[in-house]
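Q: mmCIF, C-alpha atoms and all ligand atoms, file model39.cif:
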```cif
data_entry
loop_
_atom_site.label_atom_id
_atom_site.label_comp_id
_atom_site.auth_asym_id
_atom_site.auth_seq_id
_atom_site.Cartn_x
_atom_site.Cartn_y
_atom_site.Cartn_z
CA MET G 1 -25.09 -4.61 4.90
CA SER G 2 -26.38 -8.10 5.58
CA GLY G 3 -23.90 -10.93 5.12
CA LEU G 4 -26.24 -12.57 2.63
CA LEU G 5 -26.44 -9.45 0.49
CA GLN G 6 -22.70 -8.96 0.67
CA ARG G 7 -22.26 -12.52 -0.54
CA LEU G 8 -24.64 -11.98 -3.48
CA ARG G 9 -22.84 -8.79 -4.54
CA HIS G 10 -19.51 -10.53 -4.33
CA GLU G 11 -20.87 -13.40 -6.43
CA HIS G 12 -21.96 -10.89 -9.09
CA ASP G 13 -18.37 -9.64 -9.29
CA ALA G 14 -17.14 -13.21 -9.78
CA MET G 15 -19.79 -13.88 -12.45
CA ARG G 16 -18.90 -10.65 -14.29
CA ASP G 17 -15.29 -11.83 -14.49
CA MET G 18 -16.44 -15.02 -16.18
CA LEU G 19 -18.55 -13.07 -18.69
CA VAL G 20 -15.44 -11.09 -19.68
CA LEU G 21 -13.81 -14.37 -20.72
CA LEU G 22 -16.81 -15.35 -22.83
CA GLU G 23 -17.04 -11.91 -24.40
CA ARG G 24 -13.34 -11.95 -25.25
CA GLU G 25 -13.86 -15.07 -27.38
CA VAL G 26 -16.91 -13.54 -29.12
CA VAL G 27 -14.85 -10.43 -29.95
CA ARG G 28 -11.97 -12.62 -31.19
CA TYR G 29 -14.39 -14.34 -33.58
CA ARG G 30 -15.87 -11.05 -34.82
CA ARG G 31 -12.34 -9.89 -35.63
CA GLY G 32 -11.77 -12.98 -37.73
CA GLY G 33 -9.95 -15.12 -35.14
CA ARG G 34 -10.78 -18.63 -33.99
CA PRO G 35 -12.59 -18.63 -30.66
CA ASP G 36 -11.67 -21.10 -27.93
CA PHE G 37 -14.92 -23.06 -27.76
CA GLU G 38 -13.72 -25.26 -24.89
CA LEU G 39 -13.00 -22.21 -22.77
CA MET G 40 -16.43 -20.81 -23.65
CA ARG G 41 -18.05 -24.09 -22.64
CA ASP G 42 -16.13 -24.00 -19.34
CA VAL G 43 -17.60 -20.59 -18.57
CA VAL G 44 -21.10 -21.80 -19.40
CA GLU G 45 -20.58 -24.89 -17.24
CA TYR G 46 -19.56 -22.61 -14.41
CA CYS G 47 -22.86 -20.73 -14.91
CA ARG G 48 -24.78 -24.00 -14.71
CA ALA G 49 -22.87 -25.19 -11.66
CA PHE G 50 -22.93 -21.95 -9.73
CA PRO G 51 -25.46 -19.20 -10.57
CA ASP G 52 -28.16 -21.68 -11.62
CA LEU G 53 -27.73 -23.98 -8.62
CA ALA G 54 -26.51 -21.78 -5.78
CA HIS G 55 -26.91 -18.06 -6.55
CA HIS G 56 -30.34 -17.70 -8.16
CA PRO G 57 -32.09 -19.97 -5.61
CA VAL G 58 -30.90 -17.64 -2.78
CA GLU G 59 -32.23 -14.62 -4.67
CA ASP G 60 -35.51 -16.46 -5.24
CA VAL G 61 -35.93 -16.87 -1.46
CA LEU G 62 -35.31 -13.14 -0.92
CA TYR G 63 -37.57 -12.21 -3.81
CA GLU G 64 -40.49 -14.33 -2.58
CA ASN G 65 -40.21 -12.78 0.88
CA LEU G 66 -39.88 -9.27 -0.51
CA GLN G 67 -42.98 -9.88 -2.62
CA ALA G 68 -44.92 -10.82 0.52
CA ARG G 69 -43.86 -7.58 2.21
CA ASP G 70 -43.74 -5.03 -0.58
CA GLY G 71 -45.88 -5.60 -3.69
CA ASP G 72 -44.85 -2.24 -5.22
CA ALA G 73 -41.18 -3.18 -5.15
CA VAL G 74 -41.88 -6.23 -7.23
CA ALA G 75 -43.80 -4.17 -9.78
CA ALA G 76 -40.66 -2.01 -10.14
CA ILE G 77 -38.20 -4.92 -10.31
CA GLY G 78 -40.15 -7.32 -12.53
CA ASP G 79 -40.42 -11.09 -12.23
CA LEU G 80 -36.94 -12.19 -11.10
CA GLU G 81 -37.88 -15.84 -10.74
CA ASP G 82 -39.01 -15.87 -14.34
CA GLU G 83 -35.76 -14.18 -15.39
CA HIS G 84 -33.83 -16.91 -13.57
CA ARG G 85 -35.77 -19.59 -15.45
CA ARG G 86 -35.07 -17.83 -18.75
CA LEU G 87 -31.37 -17.54 -17.90
CA ALA G 88 -31.23 -21.25 -17.12
CA THR G 89 -32.86 -22.06 -20.48
CA LEU G 90 -30.47 -19.75 -22.33
CA THR G 91 -27.52 -21.30 -20.47
CA GLN G 92 -28.67 -24.79 -21.43
CA SER G 93 -29.10 -23.86 -25.06
CA LEU G 94 -25.65 -22.20 -25.27
CA HIS G 95 -24.11 -25.20 -23.55
CA GLU G 96 -25.61 -27.60 -26.12
CA THR G 97 -24.36 -25.41 -28.99
CA LEU G 98 -20.84 -25.25 -27.53
CA ASP G 99 -20.86 -29.01 -26.96
CA ASP G 100 -21.49 -29.42 -30.70
CA LEU G 101 -18.77 -26.93 -31.62
CA VAL G 102 -16.22 -28.61 -29.33
CA ALA G 103 -17.14 -31.99 -30.88
CA ASP G 104 -16.72 -30.48 -34.39
CA VAL G 105 -20.38 -30.99 -35.24
CA GLU G 106 -21.44 -28.68 -38.05
CA VAL G 107 -23.06 -25.66 -36.40
CA PRO G 108 -23.54 -22.23 -38.00
CA ARG G 109 -20.83 -20.22 -36.23
CA ASP G 110 -22.45 -16.82 -36.69
CA GLY G 111 -25.58 -18.06 -34.92
CA ALA G 112 -23.56 -19.67 -32.13
CA LEU G 113 -21.48 -16.57 -31.50
CA ALA G 114 -24.58 -14.35 -31.64
CA LEU G 115 -26.13 -16.60 -28.99
CA ALA G 116 -23.02 -16.24 -26.81
CA GLY G 117 -23.09 -12.46 -27.27
CA ARG G 118 -26.75 -12.37 -26.26
CA PHE G 119 -26.00 -14.54 -23.24
CA VAL G 120 -23.39 -12.04 -22.02
CA GLU G 121 -25.76 -9.11 -22.58
CA VAL G 122 -28.74 -10.72 -20.87
CA TYR G 123 -26.65 -11.85 -17.89
CA ARG G 124 -25.13 -8.40 -17.41
CA ALA G 125 -28.49 -6.67 -17.69
CA HIS G 126 -29.96 -9.09 -15.15
CA MET G 127 -27.21 -8.48 -12.58
CA SER G 128 -27.31 -4.76 -13.14
CA LEU G 129 -31.08 -4.75 -12.49
CA GLU G 130 -30.50 -6.65 -9.26
CA ASP G 131 -27.66 -4.34 -8.17
CA ARG G 132 -29.65 -1.19 -8.90
CA GLN G 133 -33.23 -2.19 -8.00
CA PHE G 134 -33.47 -5.46 -6.12
CA PHE G 135 -30.65 -5.26 -3.57
CA PRO G 136 -31.29 -1.64 -2.50
CA ARG G 137 -34.99 -2.47 -2.08
CA LEU G 138 -34.11 -5.45 0.10
CA GLU G 139 -31.90 -3.21 2.22
CA ALA G 140 -34.71 -0.69 2.56
CA VAL G 141 -37.43 -3.20 3.49
CA PHE G 142 -35.69 -5.92 5.55
CA ASP G 143 -34.48 -5.27 9.09
CA ALA G 144 -31.94 -7.30 11.09
CA ASP G 145 -34.60 -9.86 12.15
CA ASP G 146 -35.73 -10.32 8.56
CA TRP G 147 -32.16 -10.97 7.46
CA GLN G 148 -31.72 -13.51 10.22
CA ARG G 149 -34.88 -15.25 9.07
CA MET G 150 -33.63 -15.20 5.45
CA GLU G 151 -30.30 -16.72 6.50
CA ALA G 152 -32.20 -19.52 8.29
CA ILE G 153 -34.44 -20.21 5.26
CA VAL G 154 -31.46 -20.29 2.91
CA ALA G 155 -29.54 -22.61 5.26
CA ALA G 156 -32.57 -24.95 5.48
CA ARG G 157 -32.73 -25.22 1.68
CA ALA G 158 -29.34 -27.00 1.81
CA LEU G 159 -28.28 -25.75 -1.62
CA PRO G 160 -25.47 -27.76 -3.20
CA ALA G 161 -21.99 -26.68 -2.10
CA PRO G 162 -20.57 -25.24 -5.32
CA GLU G 163 -17.11 -26.78 -4.91
CA ASP G 164 -16.87 -27.83 -8.50
CA ALA G 165 -17.90 -24.32 -9.57
CA ALA G 166 -15.35 -22.78 -7.19
CA ARG G 167 -12.54 -24.91 -8.63
CA ARG G 168 -13.64 -24.04 -12.16
CA TRP G 169 -13.79 -20.34 -11.26
CA VAL G 170 -10.25 -20.31 -9.87
CA ARG G 171 -8.92 -21.90 -13.05
CA LEU G 172 -10.88 -19.57 -15.34
CA ARG G 173 -9.82 -16.56 -13.32
CA GLU G 174 -6.19 -17.54 -13.85
CA ILE G 175 -6.84 -17.60 -17.59
CA LEU G 176 -8.57 -14.24 -17.37
CA LEU G 177 -5.62 -12.64 -15.60
CA ARG G 178 -3.11 -14.28 -17.88
CA GLY G 179 -5.01 -12.89 -20.87
CA SER G 180 -4.42 -9.35 -19.71
CA LEU G 181 -0.65 -9.87 -19.57
CA PRO G 182 1.85 -10.23 -22.42
CA GLU G 183 2.35 -13.81 -23.63
CA THR G 184 6.04 -13.69 -22.70
CA ALA G 185 7.85 -11.79 -19.97
CA PRO G 186 9.49 -8.61 -21.34
CA TRP G 187 12.96 -9.75 -20.22
CA SER G 188 12.69 -12.99 -22.20
CA ALA G 189 11.47 -11.36 -25.44
CA GLU G 190 13.69 -11.50 -28.49
CA PRO G 191 15.52 -8.18 -29.06
FE FE H 1 -30.49 -13.17 -10.30
FE FE H 2 -27.84 -12.22 -8.94
#
```
Would you encode the structure as C-alpha cells?

A:
Amino acid sequence: MSGLLQRLRHEHDAMRDMLVLLEREVVRYRRGGRPDFELMRDVVEYCRAFPDLAHHPVEDVLYENLQARDGDAVAAIGDLEDEHRRLATLTQSLHETLDDLVADVEVPRDGALALAGRFVEVYRAHMSLEDRQFFPRLEAVFDADDWQRMEAIVAARALPAPEDAARRWVRLREILLRGSLPETAPWSAEP
C-alpha cells in the first residue's frame, strides 16, 4: 500500500477516536446528563485544525487525479470535494453553536445536540465511503509512478503542519482512554 494511502487510513482511525468522544457527550445528554460542551468544542476544533486543513486537501489531490484517469470511479464514489466543503460548513456551524453553549448564551440544547449527532453520523459515513470505495479504487488505478507523482504534488502544496491538531489529539485521546476506565483505581475504592 502506498505510504500516502496508509497515512490517510491511519488518520481516519484517529478521527474516529475523536468522534467517539463527541458521541459520548451526545449520549450523556440524551440520558439526561449534562454534556461537557468544552470537550465537544475541543473535538470540533481538532476537526477544523486537522481534517479540514490537512487531511481533506490531500484527498482532494488524489480525487482530482483519479477523476482525470477514471471517470467511472468518480460516478461510483460521488463528489468528494463537495462532501469536504459540506463537512467544513457543518464543522463551522457546530463550532459556532458550541462557542455559544460554552459562553452560556441561550441556545436550544435539543437542536445543538441533534446537530452534534448529525455531525458524527455524516463524518462516519464519509470516512466509510472513502474506506470502501475511494481508497480501493485508488489502489486499483494508481501504480507506483502515480503514487510518486501524488506524493510530489502533495508535498508541493505545503499544507500546514498540523502540530496544534496533533497536540490537541494527544490530549483528547488521553481523555478518551480515561473515560473507558473506572474513575478510581479498584485498590483505592472504599470497601
Ligand atoms: Fe474525505
Ligand atoms: Fe478521509

Q: Taking all atoms listed in the file into account, which residues are within 12 Å of ligand FE 1 (chain H), as number ranges by chain?

A: G: 8-9, 11-12, 15, 47, 50-63, 77-88, 122-131, 133-135

Q: Could you tell me how far CA of Asp110 in chain G sits from CA of Arg168 in chain G, in Å to one decimal place?

A: 27.0 Å

Q: Return as AutoDock Vina command-line options the centre and edge lengths, in Å with one decimal, of the box along x, y and z that encloses every atom of range 142-150 of chain G in the file, padded by 6 Å per side.

A:
```
--center_x -33.7 --center_y -10.3 --center_z 8.8 --size_x 16.0 --size_y 22.0 --size_z 18.7
```

Q: So, counting all atoms listed in the file, which residue among G:Arg149, G:Arg16, G:Arg109, G:Arg178 is closest to ligand FE 2 (chain H)?

A: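 Among the listed residues, the smallest separation from ligand FE 2 (chain H) belongs to G:Arg16.
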
Q: Find the residues near range 23-39 of chain G: any atom within 8 Å, counting all atoms listed in the file, skip ones fewer than 3 places away on the same chain, and give them as a list in words.

A: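 After dropping sequence-adjacent residues, the list is Leu19, Val20, Asp42, Val43, Leu98, Leu101, Val102, Leu113, Ala116, Gly117 and Val120 of chain G.
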
Q: Hey, can you check how far CA of Asn65 in chain G sits from CA of Met150 in chain G?

A: 8.4 Å

Q: Between CA of Leu90 in chain G and CA of Leu21 in chain G, what is the distance in Å, rounded to a tenth?

A: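 Interatomic distance, CA of Leu90 in chain G to CA of Leu21 in chain G: 17.6 Å.
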
Q: Would you please work out which residue, of G:Ala140, G:Arg132, G:Gly111, G:Ala75, is nearest to ligand FE 2 (chain H) when using all atoms listed in the file?

A: G:Arg132

Q: Choose the residue, out of G:Ala49, G:Met1, G:Ala152, G:Ala14, that has the smallest atom-to-atom separation from ligand FE 2 (chain H); count only C-alpha atoms and all ligand atoms.

A: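 That would be G:Ala14, the residue with the smallest distance to ligand FE 2 (chain H).
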
Q: Given the choices G:Leu159, G:Ala103, G:Val141, G:Leu177, which gets closest to Leu66 in chain G if the distance is worked out from all atoms listed in the file?

A: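 Closest residue, counting all atoms listed in the file: G:Val141.
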